[in-house]
$ cat final-v2.tsv   # TSV, C-alpha atoms
chain	number	residue	atom	x	y	z
A	10	MET	CA	15.15	289.45	131.40
A	11	SER	CA	13.98	287.66	128.30
A	12	MET	CA	13.25	284.19	126.93
A	13	LYS	CA	14.71	282.06	124.20
A	14	ARG	CA	12.32	282.07	121.26
A	15	THR	CA	12.22	278.30	120.93
A	16	GLU	CA	11.52	277.77	124.65
A	17	CYS	CA	8.80	280.40	124.50
A	18	LEU	CA	7.16	278.74	121.49
A	19	LYS	CA	7.43	275.27	123.02
A	20	ALA	CA	5.44	276.51	126.00
A	21	LEU	CA	2.81	277.98	123.69
A	22	ALA	CA	2.63	274.71	121.77
A	23	LYS	CA	2.12	272.79	124.99
A	24	HIS	CA	-0.96	274.83	125.83
A	25	ARG	CA	-2.33	275.06	122.29
A	26	THR	CA	-5.59	273.30	121.57
A	27	ASP	CA	-7.43	274.23	118.37
A	28	GLU	CA	-6.24	277.79	117.90
A	29	LEU	CA	-5.45	279.18	114.47
A	30	VAL	CA	-1.87	280.43	114.71
A	31	LEU	CA	-0.46	282.98	112.30
A	32	THR	CA	3.26	283.62	112.33
A	33	ALA	CA	5.22	286.47	110.84
A	34	TRP	CA	8.79	286.11	109.66
A	35	GLN	CA	11.19	285.00	112.37
A	36	SER	CA	8.79	282.90	114.38
A	37	SER	CA	7.55	280.99	111.33
A	38	TYR	CA	10.22	278.34	110.93
A	39	ALA	CA	10.55	277.57	114.63
A	40	TRP	CA	6.77	277.43	115.12
A	41	HIS	CA	6.21	275.06	112.23
A	42	GLN	CA	8.88	272.75	113.64
A	43	ILE	CA	7.51	272.93	117.17
A	44	SER	CA	3.75	272.87	116.50
A	45	PRO	CA	3.00	271.63	112.97
A	46	SER	CA	-0.69	271.96	112.13
A	47	LYS	CA	-3.06	272.57	109.27
A	48	TYR	CA	-4.19	275.52	111.37
A	49	ASN	CA	-0.84	277.29	111.02
A	50	PHE	CA	-0.38	280.05	108.49
A	51	SER	CA	2.90	281.86	107.78
A	52	SER	CA	2.78	285.50	106.81
A	53	VAL	CA	6.14	286.03	105.16
A	54	ARG	CA	5.15	288.27	102.31
A	55	THR	CA	4.23	291.73	103.57
A	56	MET	CA	5.86	293.08	106.70
A	57	GLY	CA	3.35	294.54	109.13
A	58	GLU	CA	0.24	292.78	107.88
A	59	CYS	CA	0.23	289.50	109.84
A	60	SER	CA	-1.97	290.97	112.55
A	61	THR	CA	-4.40	292.54	110.10
A	62	PHE	CA	-4.71	289.18	108.35
A	63	GLY	CA	-5.39	287.64	111.74
A	64	LEU	CA	-7.94	290.33	112.55
A	65	GLY	CA	-9.86	289.53	109.37
A	66	LEU	CA	-9.73	285.85	110.22
A	67	ALA	CA	-10.96	286.47	113.76
A	68	LEU	CA	-13.89	288.51	112.45
A	69	ALA	CA	-14.72	285.84	109.89
A	70	ARG	CA	-14.50	282.94	112.35
A	71	PRO	CA	-15.75	283.97	115.79
A	72	ASP	CA	-15.88	280.26	116.66
A	73	LYS	CA	-12.07	280.01	116.50
A	74	ARG	CA	-9.40	281.63	118.61
A	75	VAL	CA	-6.83	283.37	116.42
A	76	VAL	CA	-3.30	283.75	117.78
A	77	VAL	CA	-0.88	286.05	115.96
A	78	LEU	CA	2.88	285.90	116.55
A	79	GLU	CA	4.18	289.16	115.14
A	80	GLY	CA	7.58	290.74	115.55
A	81	ASP	CA	8.24	294.10	117.17
A	82	GLY	CA	9.62	295.49	113.90
A	83	SER	CA	6.49	294.45	112.07
A	84	LEU	CA	4.30	296.13	114.68
A	85	CYS	CA	6.35	299.34	114.42
A	86	MET	CA	5.70	299.34	110.68
A	87	ASN	CA	1.96	299.31	111.24
A	88	LEU	CA	1.17	300.78	114.66
A	89	GLY	CA	-2.14	302.16	113.44
A	90	MET	CA	-3.45	298.62	113.28
A	91	LEU	CA	-3.79	298.67	117.07
A	92	LEU	CA	-6.50	301.29	116.71
A	93	THR	CA	-8.20	299.21	114.04
A	94	ILE	CA	-8.04	296.14	116.28
A	95	ALA	CA	-9.39	298.08	119.26
A	96	THR	CA	-12.30	299.27	117.14
A	97	ALA	CA	-13.20	295.85	115.76
A	98	ALA	CA	-12.50	294.27	119.16
A	99	PRO	CA	-12.93	290.59	118.33
A	100	PRO	CA	-13.02	288.58	121.58
A	101	ASN	CA	-11.22	285.68	119.89
A	102	PHE	CA	-8.08	287.62	118.87
A	103	TYR	CA	-4.72	287.21	120.62
A	104	GLN	CA	-1.84	289.38	119.40
A	105	LEU	CA	1.52	288.27	120.80
A	106	ILE	CA	4.39	290.62	119.99
A	107	MET	CA	7.76	288.89	119.92
A	108	HIS	CA	9.96	291.67	121.26
A	109	ASN	CA	13.66	291.15	120.62
A	110	ARG	CA	14.40	294.83	119.94
A	111	VAL	CA	16.05	294.28	116.56
A	112	TYR	CA	15.33	293.74	112.87
A	113	GLU	CA	16.63	290.20	112.93
A	114	THR	CA	16.07	289.25	109.30
A	115	THR	CA	18.31	291.97	108.03
A	116	GLY	CA	21.17	291.39	110.43
A	117	GLY	CA	20.07	292.61	113.84
A	118	GLN	CA	19.82	296.36	113.39
A	119	THR	CA	18.27	298.07	116.42
A	120	ILE	CA	14.66	299.24	116.20
A	121	PRO	CA	14.46	303.06	116.33
A	122	ASN	CA	14.32	304.50	119.84
A	123	VAL	CA	13.83	301.02	121.27
A	124	ASP	CA	15.13	301.97	124.72
A	125	HIS	CA	12.14	304.26	125.16
A	126	LEU	CA	9.63	302.14	123.28
A	127	ASP	CA	6.67	301.05	125.42
A	128	PHE	CA	4.22	298.97	123.43
A	129	LEU	CA	1.87	298.49	126.37
A	130	SER	CA	1.44	302.24	126.79
A	131	ILE	CA	0.71	302.59	123.09
A	132	ALA	CA	-1.80	299.74	123.21
A	133	ARG	CA	-3.44	301.21	126.31
A	134	GLY	CA	-3.57	304.58	124.59
A	135	VAL	CA	-5.63	303.27	121.67
A	136	GLY	CA	-8.14	301.64	123.96
A	137	LEU	CA	-6.94	298.06	124.27
A	138	SER	CA	-7.40	296.82	127.80
A	139	ARG	CA	-6.31	293.16	127.93
A	140	LEU	CA	-2.61	293.87	128.20
A	141	HIS	CA	0.24	291.65	129.32
A	142	ARG	CA	4.01	291.49	129.28
A	143	TYR	CA	6.04	288.33	129.76
A	144	SER	CA	9.79	288.26	130.28
A	145	ASP	CA	10.50	284.94	131.95
A	146	LEU	CA	9.64	281.43	130.88
A	147	GLU	CA	8.18	280.30	134.16
A	148	THR	CA	5.54	283.05	134.29
A	149	TRP	CA	4.78	282.68	130.57
A	150	ASP	CA	4.25	278.95	130.92
A	151	LEU	CA	2.15	279.37	134.05
A	152	GLU	CA	-0.12	282.10	132.71
A	153	LEU	CA	-0.61	280.91	129.12
A	154	PRO	CA	-3.69	278.74	129.80
A	155	GLY	CA	-5.43	281.69	131.42
A	156	LEU	CA	-4.27	284.08	128.71
A	157	LEU	CA	-5.77	281.91	125.98
A	158	ARG	CA	-9.09	281.78	127.84
A	159	GLU	CA	-9.36	285.55	128.22
A	160	SER	CA	-11.93	287.43	126.22
A	161	GLY	CA	-9.98	289.51	123.71
A	162	PRO	CA	-8.69	291.34	121.99
A	163	VAL	CA	-5.61	290.40	123.98
A	164	PHE	CA	-2.32	292.21	123.42
A	165	ALA	CA	0.85	290.77	124.94
A	166	VAL	CA	4.48	291.73	124.65
A	167	VAL	CA	6.76	288.71	124.88
A	168	ASP	CA	10.40	289.57	125.56
A	169	ILE	CA	12.69	287.21	123.69
A	170	GLN	CA	16.38	287.13	122.89
A	171	PRO	CA	17.72	287.64	119.38
A	172	ASP	CA	18.86	284.26	118.08
A	173	GLU	CA	19.94	282.36	115.02
A	174	THR	CA	16.56	280.95	113.99
A	175	HIS	CA	16.34	283.61	111.31
A	176	ILE	CA	18.95	281.73	109.27
A	177	PHE	CA	16.49	278.87	108.86
A	178	SER	CA	13.54	281.23	108.61
A	179	LEU	CA	14.93	282.83	105.45
A	180	ASP	CA	14.97	279.49	103.65
A	181	PHE	CA	11.58	278.65	105.11
A	182	ALA	CA	10.10	281.93	103.91
A	183	THR	CA	11.45	281.31	100.42
A	184	LYS	CA	9.87	277.87	100.41
A	185	ILE	CA	6.53	279.22	101.64
A	186	ARG	CA	6.49	282.02	99.10
A	187	ALA	CA	7.28	279.59	96.29
A	188	ARG	CA	4.05	277.74	97.11
A	189	ASP	CA	1.86	280.64	98.21
A	190	THR	CA	-1.24	279.49	96.44
A	191	PHE	CA	-0.98	275.95	97.80
A	192	TYR	CA	-0.56	277.02	101.43
A	193	ALA	CA	-3.36	279.58	101.28
A	194	LYS	CA	-5.70	277.03	99.68
A	195	ARG	CA	-4.79	274.35	102.23
A	196	PHE	CA	-5.39	276.74	105.11
A	197	ARG	CA	-8.75	277.83	103.75
A	198	GLU	CA	-9.85	274.26	103.14
A	199	ALA	CA	-8.83	273.29	106.67
A	200	LEU	CA	-11.03	276.06	108.00
A	201	ALA	CA	-13.93	274.97	105.85
A	202	LYS	CA	-13.95	271.43	107.26
A	203	PRO	CA	-15.77	270.73	110.50
A	204	THR	CA	-13.37	269.95	113.35
B	13	MET	CA	-18.71	315.97	110.40
B	14	VAL	CA	-19.49	317.21	106.92
B	15	GLN	CA	-23.00	316.24	105.91
B	16	HIS	CA	-23.60	314.88	102.44
B	17	GLN	CA	-26.81	314.05	100.72
B	18	LEU	CA	-27.44	310.32	100.60
B	19	SER	CA	-26.90	310.05	96.88
B	20	THR	CA	-28.68	307.71	94.59
B	21	PHE	CA	-25.23	306.48	93.61
B	22	SER	CA	-24.31	305.46	97.16
B	23	GLN	CA	-27.60	303.67	97.60
B	24	ALA	CA	-27.19	301.90	94.27
B	25	LEU	CA	-23.61	300.94	95.10
B	26	VAL	CA	-24.53	299.40	98.43
B	27	ALA	CA	-27.53	297.64	96.91
B	28	ALA	CA	-25.26	296.23	94.19
B	29	LEU	CA	-22.74	294.96	96.75
B	30	GLU	CA	-25.52	293.31	98.73
B	31	ASP	CA	-26.83	291.75	95.55
B	32	CYS	CA	-23.34	290.39	94.78
B	33	GLY	CA	-23.27	288.61	98.12
B	34	ALA	CA	-20.58	290.78	99.69
B	35	THR	CA	-20.36	290.42	103.46
B	36	HIS	CA	-17.90	293.10	104.62
B	37	VAL	CA	-16.71	296.50	103.39
B	38	VAL	CA	-13.16	297.14	104.61
B	39	SER	CA	-12.60	300.82	104.15
B	40	LEU	CA	-11.03	304.15	104.88
B	41	PRO	CA	-13.30	307.10	104.03
B	42	SER	CA	-12.64	309.19	100.94
B	43	THR	CA	-14.38	312.18	99.46
B	44	GLU	CA	-15.55	310.06	96.54
B	45	THR	CA	-17.37	307.60	98.80
B	46	SER	CA	-18.20	309.80	101.77
B	47	GLY	CA	-21.93	309.48	101.30
B	48	LEU	CA	-21.60	305.75	101.41
B	49	TYR	CA	-21.13	305.32	105.12
B	50	GLU	CA	-24.60	306.45	106.10
B	51	VAL	CA	-26.08	304.05	103.57
B	52	LEU	CA	-23.82	301.24	104.76
B	53	ALA	CA	-25.02	301.74	108.32
B	54	GLN	CA	-28.51	300.82	107.17
B	55	SER	CA	-27.44	297.79	105.15
B	56	ARG	CA	-26.61	294.22	106.10
B	57	LEU	CA	-22.99	294.77	105.00
B	58	ARG	CA	-20.54	294.97	107.89
B	59	LEU	CA	-18.15	297.90	107.82
B	60	VAL	CA	-14.59	297.31	109.02
B	61	PRO	CA	-12.93	300.72	109.38
B	62	VAL	CA	-9.13	300.90	109.08
B	63	CYS	CA	-6.47	303.52	109.80
B	64	ARG	CA	-4.32	302.85	106.73
B	65	GLU	CA	-5.28	301.27	103.43
B	66	GLY	CA	-2.65	298.51	103.53
B	67	GLU	CA	-4.45	297.18	106.58
B	68	ALA	CA	-7.58	296.79	104.48
B	69	ILE	CA	-5.87	294.32	102.17
B	70	GLY	CA	-4.64	292.19	105.10
B	71	ILE	CA	-8.03	292.21	106.81
B	72	ALA	CA	-9.85	291.36	103.58
B	73	ALA	CA	-7.41	288.48	102.98
B	74	GLY	CA	-8.13	287.12	106.45
B	75	LEU	CA	-11.87	287.51	106.01
B	76	TYR	CA	-11.67	285.59	102.74
B	77	CYS	CA	-9.63	282.76	104.28
B	78	GLY	CA	-12.28	282.56	106.98
B	79	GLY	CA	-15.01	282.04	104.39
B	80	GLN	CA	-16.38	285.57	103.96
B	81	LYS	CA	-16.78	287.76	100.86
B	82	PRO	CA	-15.23	291.13	101.66
B	83	VAL	CA	-14.66	294.10	99.39
B	84	VAL	CA	-12.10	296.85	99.87
B	85	MET	CA	-13.16	300.46	99.41
B	86	VAL	CA	-10.45	303.13	99.42
B	87	GLN	CA	-9.32	306.22	97.56
B	88	ASN	CA	-6.72	306.01	94.79
B	89	THR	CA	-4.15	307.65	97.09
B	90	GLY	CA	-4.76	304.88	99.61
B	91	PHE	CA	-4.62	302.20	96.96
B	92	MET	CA	-1.14	303.43	96.11
B	93	GLU	CA	-0.25	303.28	99.82
B	94	SER	CA	-1.47	299.69	100.00
B	95	GLY	CA	0.79	298.56	97.19
B	96	ASP	CA	2.98	296.14	99.16
B	97	SER	CA	-0.05	294.42	100.64
B	98	VAL	CA	-1.64	294.00	97.21
B	99	ARG	CA	1.66	292.65	95.88
B	100	GLY	CA	2.39	290.41	98.84
B	101	LEU	CA	-1.05	289.16	99.84
B	102	ALA	CA	-3.88	289.62	97.39
B	103	ILE	CA	-2.04	288.65	94.21
B	104	PRO	CA	0.19	285.72	95.29
B	105	LEU	CA	-2.39	284.14	97.58
B	106	ARG	CA	-4.90	284.26	94.71
B	107	ILE	CA	-7.51	286.04	96.76
B	108	PRO	CA	-10.66	287.26	95.03
B	109	MET	CA	-10.53	290.86	96.11
B	110	PRO	CA	-12.92	293.39	94.59
B	111	LEU	CA	-11.35	296.83	95.03
B	112	TYR	CA	-13.66	299.85	94.84
B	113	ILE	CA	-11.37	302.81	94.39
B	114	GLY	CA	-12.39	306.46	94.63
B	115	TYR	CA	-10.93	308.18	91.58
B	116	ARG	CA	-9.64	311.46	93.02
B	117	GLY	CA	-8.61	313.82	90.25
B	118	TYR	CA	-10.73	312.20	87.56
B	119	LYS	CA	-11.77	314.42	84.70
B	120	PRO	CA	-14.60	313.28	82.44
B	121	GLY	CA	-14.57	313.40	78.67
B	122	GLY	CA	-10.85	312.91	78.26
B	123	GLN	CA	-9.96	316.24	79.82
B	124	PRO	CA	-6.36	316.27	81.06
B	125	MET	CA	-6.01	315.47	84.76
B	126	THR	CA	-3.90	317.70	86.99
B	127	ASP	CA	-4.00	315.69	90.23
B	128	THR	CA	-1.21	313.08	90.34
B	129	ALA	CA	-3.52	310.79	92.32
B	130	GLY	CA	-5.59	310.54	89.16
B	131	ILE	CA	-2.76	310.70	86.65
B	132	TYR	CA	-0.91	307.68	88.02
B	133	LEU	CA	-3.85	305.46	88.97
B	134	GLU	CA	-4.55	303.63	85.73
B	135	PRO	CA	-0.87	303.25	84.77
B	136	ILE	CA	-0.20	301.66	88.17
B	137	LEU	CA	-3.13	299.27	87.81
B	138	LYS	CA	-1.85	298.30	84.38
B	139	ALA	CA	1.70	297.83	85.69
B	140	TRP	CA	0.45	295.49	88.42
B	141	GLY	CA	-1.73	293.55	86.00
B	142	ILE	CA	-4.94	294.45	87.81
B	143	LYS	CA	-7.95	294.62	85.54
B	144	TYR	CA	-10.23	297.59	86.15
B	145	TYR	CA	-13.53	299.15	85.21
B	146	LEU	CA	-14.52	302.79	85.37
B	147	VAL	CA	-17.83	303.90	86.82
B	148	GLY	CA	-17.90	307.44	85.48
B	149	PRO	CA	-20.27	310.31	86.12
B	150	ASP	CA	-22.96	308.48	84.17
B	151	GLY	CA	-22.74	305.83	86.91
B	152	ASP	CA	-22.97	302.44	85.19
B	153	ILE	CA	-23.66	300.54	88.39
B	154	GLY	CA	-23.63	297.23	86.54
B	155	LEU	CA	-19.84	297.43	86.59
B	156	VAL	CA	-19.94	297.01	90.38
B	157	HIS	CA	-21.28	293.51	89.72
B	158	THR	CA	-18.84	292.91	86.88
B	159	GLY	CA	-15.80	293.72	89.02
B	160	PHE	CA	-17.02	291.63	91.93
B	161	GLN	CA	-17.82	288.61	89.80
B	162	GLU	CA	-14.58	288.81	87.86
B	163	ALA	CA	-12.53	288.93	91.04
B	164	TRP	CA	-14.22	285.72	92.19
B	165	GLU	CA	-13.94	284.04	88.80
B	166	THR	CA	-10.24	284.80	88.46
B	167	ASN	CA	-9.15	284.69	92.13
B	168	ARG	CA	-7.45	288.04	91.75
B	169	PRO	CA	-7.92	291.66	92.75
B	170	VAL	CA	-10.13	293.49	90.25
B	171	ALA	CA	-10.66	297.23	90.56
B	172	VAL	CA	-13.78	299.30	89.99
B	173	LEU	CA	-12.88	302.98	89.81
B	174	LEU	CA	-15.54	305.23	91.28
B	175	ALA	CA	-15.59	308.60	89.60
B	176	ALA	CA	-19.28	309.25	89.96
B	177	GLU	CA	-19.81	310.11	93.59
B	178	GLN	CA	-17.76	313.29	93.65
B	179	GLU	CA	-20.31	314.90	91.35
B	180	THR	CA	-22.98	314.55	94.03
B	181	LEU	CA	-21.23	316.17	97.01
B	182	THR	CA	-23.10	319.09	98.49

$ encode --input "final-v2.tsv" --output "structure tokens"
Amino acid sequence: MSMKRTECLKALAKHRTDELVLTAWQSSYAWHQISPSKYNFSSVRTMGECSTFGLGLALARPDKRVVVLEGDGSLCMNLGMLLTIATAAPPNFYQLIMHNRVYETTGGQTIPNVDHLDFLSIARGVGLSRLHRYSDLETWDLELPGLLRESGPVFAVVDIQPDETHIFSLDFATKIRARDTFYAKRFREALAKPT
Amino acid sequence: MVQHQLSTFSQALVAALEDCGATHVVSLPSTETSGLYEVLAQSRLRLVPVCREGEAIGIAAGLYCGGQKPVVMVQNTGFMESGDSVRGLAIPLRIPMPLYIGYRGYKPGGQPMTDTAGIYLEPILKAWGIKYYLVGPDGDIGLVHTGFQEAWETNRPVAVLLAAEQETLT
């Protein structure tokens, strides 16, 4: 069982308060449509580094909860980061892995050995202990408020269906990258202002 | 764990970073900076250890956006590994990112290098348009300041190549 990405993100938006939300690739366009905010930041430049960016942010701003929406392909590219996150262990860090089992940007190619891939076991094996998996919208919606109040680092696998949002995300990523400096500056200035 | 003498160089490097106002050292150990970690443990700088050097660039970028002043400290082999993160994060986002890079394979006095980690380092930095300074065996620690300040003045990565520490390993 799995969720539609947009329904999943709408539920997250409903429960969002003042969290900083970083999105990687496929979730970026949909998230910015669903939950526009100066506290959003799209990481559409270097695959596999959205969570590390979020980790740095969480360490820099312990007063803010940092939510990262990273794809399963991106996590596979940088699995070692889980060990780094477990070591730093910021309590304000929430890593949500959007698990659709494919490389969607490039046409939906299957992730290697995905039928045997168990992210929760890997996360548990590096010492992360706040682990969750969500496969249906009702449970996700119900448990999100509690999830976002947990002391992190939190690691959650969110099972979603491959969809067509990547078509819009490609254009969105191009737009973001064309104005990299502007978006980074705006995000940093938003963080510098008292809320 | 291999024990190294706490070199004067390591102590001077950490003192220089503190003097610059650095807050975090995001790093993977290298032989060139191995003595540094014991000194760091006694400093006010916060060490963020990573498993792969590309992670260091992402973490430093996040720390910067959150208002901190991180530096990245890796070996030249790891700098090469981190290439896509430097390209995709540090440069386009205009992040002041002082990079302290252990110069594995360095030979003083213009002697020809045999280690490809050393041979390709400066050409790669030049190709990526990253300005760099060399702290050689004579250990001009003032360049630690220069690299840090220039990164912040130009909002770019600036590299300081550390070739001094390997002379002090015991």

$ closest_residue --input "final-v2.tsv" --among "B:Ala34, B:Val83, B:Leu173, B:Ala72" --to "B:Pro110" --atoms "all atoms listed in the file"
B:Val83

$ interface_residues --input "final-v2.tsv" --of "chain A" --to "chain B" --cutoff "7 Å" --atoms "only C-alpha atoms" --output "ChimeraX atom specification"
/A:54-55,58,61-66,68-70,89-90,93,189-190,193,197,200

$ atom_distance --input "final-v2.tsv" --atom1 "atom CA of A:Pro162" --atom2 "atom CA of A:Tyr143"
16.9 Å

$ atom_distance --input "final-v2.tsv" --atom1 "atom CA of A:Ser44" --atom2 "atom CA of A:Tyr103"
17.2 Å

$ atom_distance --input "final-v2.tsv" --atom1 "atom CA of A:Ser160" --atom2 "atom CA of A:Pro100"
4.9 Å

$ build_atoms --input "final-v2.tsv" --residues "stretch 130-161 of chain B" --atoms "N, CA and C atoms" --output "CSV table (one decimal), in the coordinates of the input"
chain,number,residue,atom,x,y,z
B,130,GLY,N,-4.8,311.0,90.3
B,130,GLY,CA,-5.6,310.5,89.2
B,130,GLY,C,-4.7,310.1,88.0
B,131,ILE,N,-3.7,310.9,87.8
B,131,ILE,CA,-2.8,310.7,86.6
B,131,ILE,C,-2.1,309.3,86.7
B,132,TYR,N,-1.7,308.9,87.9
B,132,TYR,CA,-0.9,307.7,88.0
B,132,TYR,C,-1.8,306.4,88.3
B,133,LEU,N,-3.1,306.6,88.5
B,133,LEU,CA,-3.8,305.5,89.0
B,133,LEU,C,-3.9,304.4,87.9
B,134,GLU,N,-4.4,304.7,86.7
B,134,GLU,CA,-4.6,303.6,85.7
B,134,GLU,C,-3.2,303.0,85.3
B,135,PRO,N,-2.2,303.9,85.1
B,135,PRO,CA,-0.9,303.2,84.8
B,135,PRO,C,-0.4,302.3,85.8
B,136,ILE,N,-0.6,302.6,87.1
B,136,ILE,CA,-0.2,301.7,88.2
B,136,ILE,C,-1.0,300.4,88.1
B,137,LEU,N,-2.3,300.5,87.9
B,137,LEU,CA,-3.1,299.3,87.8
B,137,LEU,C,-2.6,298.4,86.6
B,138,LYS,N,-2.3,299.0,85.5
B,138,LYS,CA,-1.8,298.3,84.4
B,138,LYS,C,-0.5,297.6,84.7
B,139,ALA,N,0.4,298.4,85.4
B,139,ALA,CA,1.7,297.8,85.7
B,139,ALA,C,1.6,296.6,86.6
B,140,TRP,N,0.6,296.6,87.5
B,140,TRP,CA,0.4,295.5,88.4
B,140,TRP,C,-0.4,294.4,87.9
B,141,GLY,N,-0.9,294.6,86.6
B,141,GLY,CA,-1.7,293.6,86.0
B,141,GLY,C,-3.1,293.4,86.6
B,142,ILE,N,-3.6,294.5,87.2
B,142,ILE,CA,-4.9,294.4,87.8
B,142,ILE,C,-6.0,295.0,86.8
B,143,LYS,N,-6.9,294.2,86.5
B,143,LYS,CA,-8.0,294.6,85.5
B,143,LYS,C,-8.9,295.6,86.2
B,144,TYR,N,-9.4,296.6,85.5
B,144,TYR,CA,-10.2,297.6,86.2
B,144,TYR,C,-11.3,298.1,85.2
B,145,TYR,N,-12.4,298.6,85.9
B,145,TYR,CA,-13.5,299.2,85.2
B,145,TYR,C,-13.8,300.5,85.8
B,146,LEU,N,-14.3,301.4,84.9
B,146,LEU,CA,-14.5,302.8,85.4
B,146,LEU,C,-16.0,303.0,85.5
B,147,VAL,N,-16.5,303.4,86.7
B,147,VAL,CA,-17.8,303.9,86.8
B,147,VAL,C,-17.8,305.4,86.8
B,148,GLY,N,-18.0,306.0,85.7
B,148,GLY,CA,-17.9,307.4,85.5
B,148,GLY,C,-19.1,308.2,86.0
B,149,PRO,N,-19.2,309.5,85.7
B,149,PRO,CA,-20.3,310.3,86.1
B,149,PRO,C,-21.6,309.8,85.7
B,150,ASP,N,-21.7,309.0,84.6
B,150,ASP,CA,-23.0,308.5,84.2
B,150,ASP,C,-23.4,307.3,85.0
B,151,GLY,N,-22.4,306.8,85.9
B,151,GLY,CA,-22.7,305.8,86.9
B,151,GLY,C,-23.3,304.5,86.4
B,152,ASP,N,-22.5,303.8,85.6
B,152,ASP,CA,-23.0,302.4,85.2
B,152,ASP,C,-22.8,301.5,86.3
B,153,ILE,N,-23.8,301.3,87.2
B,153,ILE,CA,-23.7,300.5,88.4
B,153,ILE,C,-23.5,299.0,88.1
B,154,GLY,N,-23.8,298.6,86.9
B,154,GLY,CA,-23.6,297.2,86.5
B,154,GLY,C,-22.2,296.8,86.6
B,155,LEU,N,-21.3,297.8,86.5
B,155,LEU,CA,-19.8,297.4,86.6
B,155,LEU,C,-19.4,297.1,88.0
B,156,VAL,N,-20.2,297.5,89.0
B,156,VAL,CA,-19.9,297.0,90.4
B,156,VAL,C,-20.1,295.5,90.5
B,157,HIS,N,-21.1,295.0,89.8
B,157,HIS,CA,-21.3,293.5,89.7
B,157,HIS,C,-20.1,292.9,88.9
B,158,THR,N,-19.9,293.5,87.8
B,158,THR,CA,-18.8,292.9,86.9
B,158,THR,C,-17.5,292.7,87.6
B,159,GLY,N,-17.1,293.8,88.3
B,159,GLY,CA,-15.8,293.7,89.0
B,159,GLY,C,-15.8,292.7,90.1
B,160,PHE,N,-16.9,292.6,90.8
B,160,PHE,CA,-17.0,291.6,91.9
B,160,PHE,C,-16.9,290.2,91.4
B,161,GLN,N,-17.8,290.0,90.4
B,161,GLN,CA,-17.8,288.6,89.8
B,161,GLN,C,-16.5,288.2,89.2
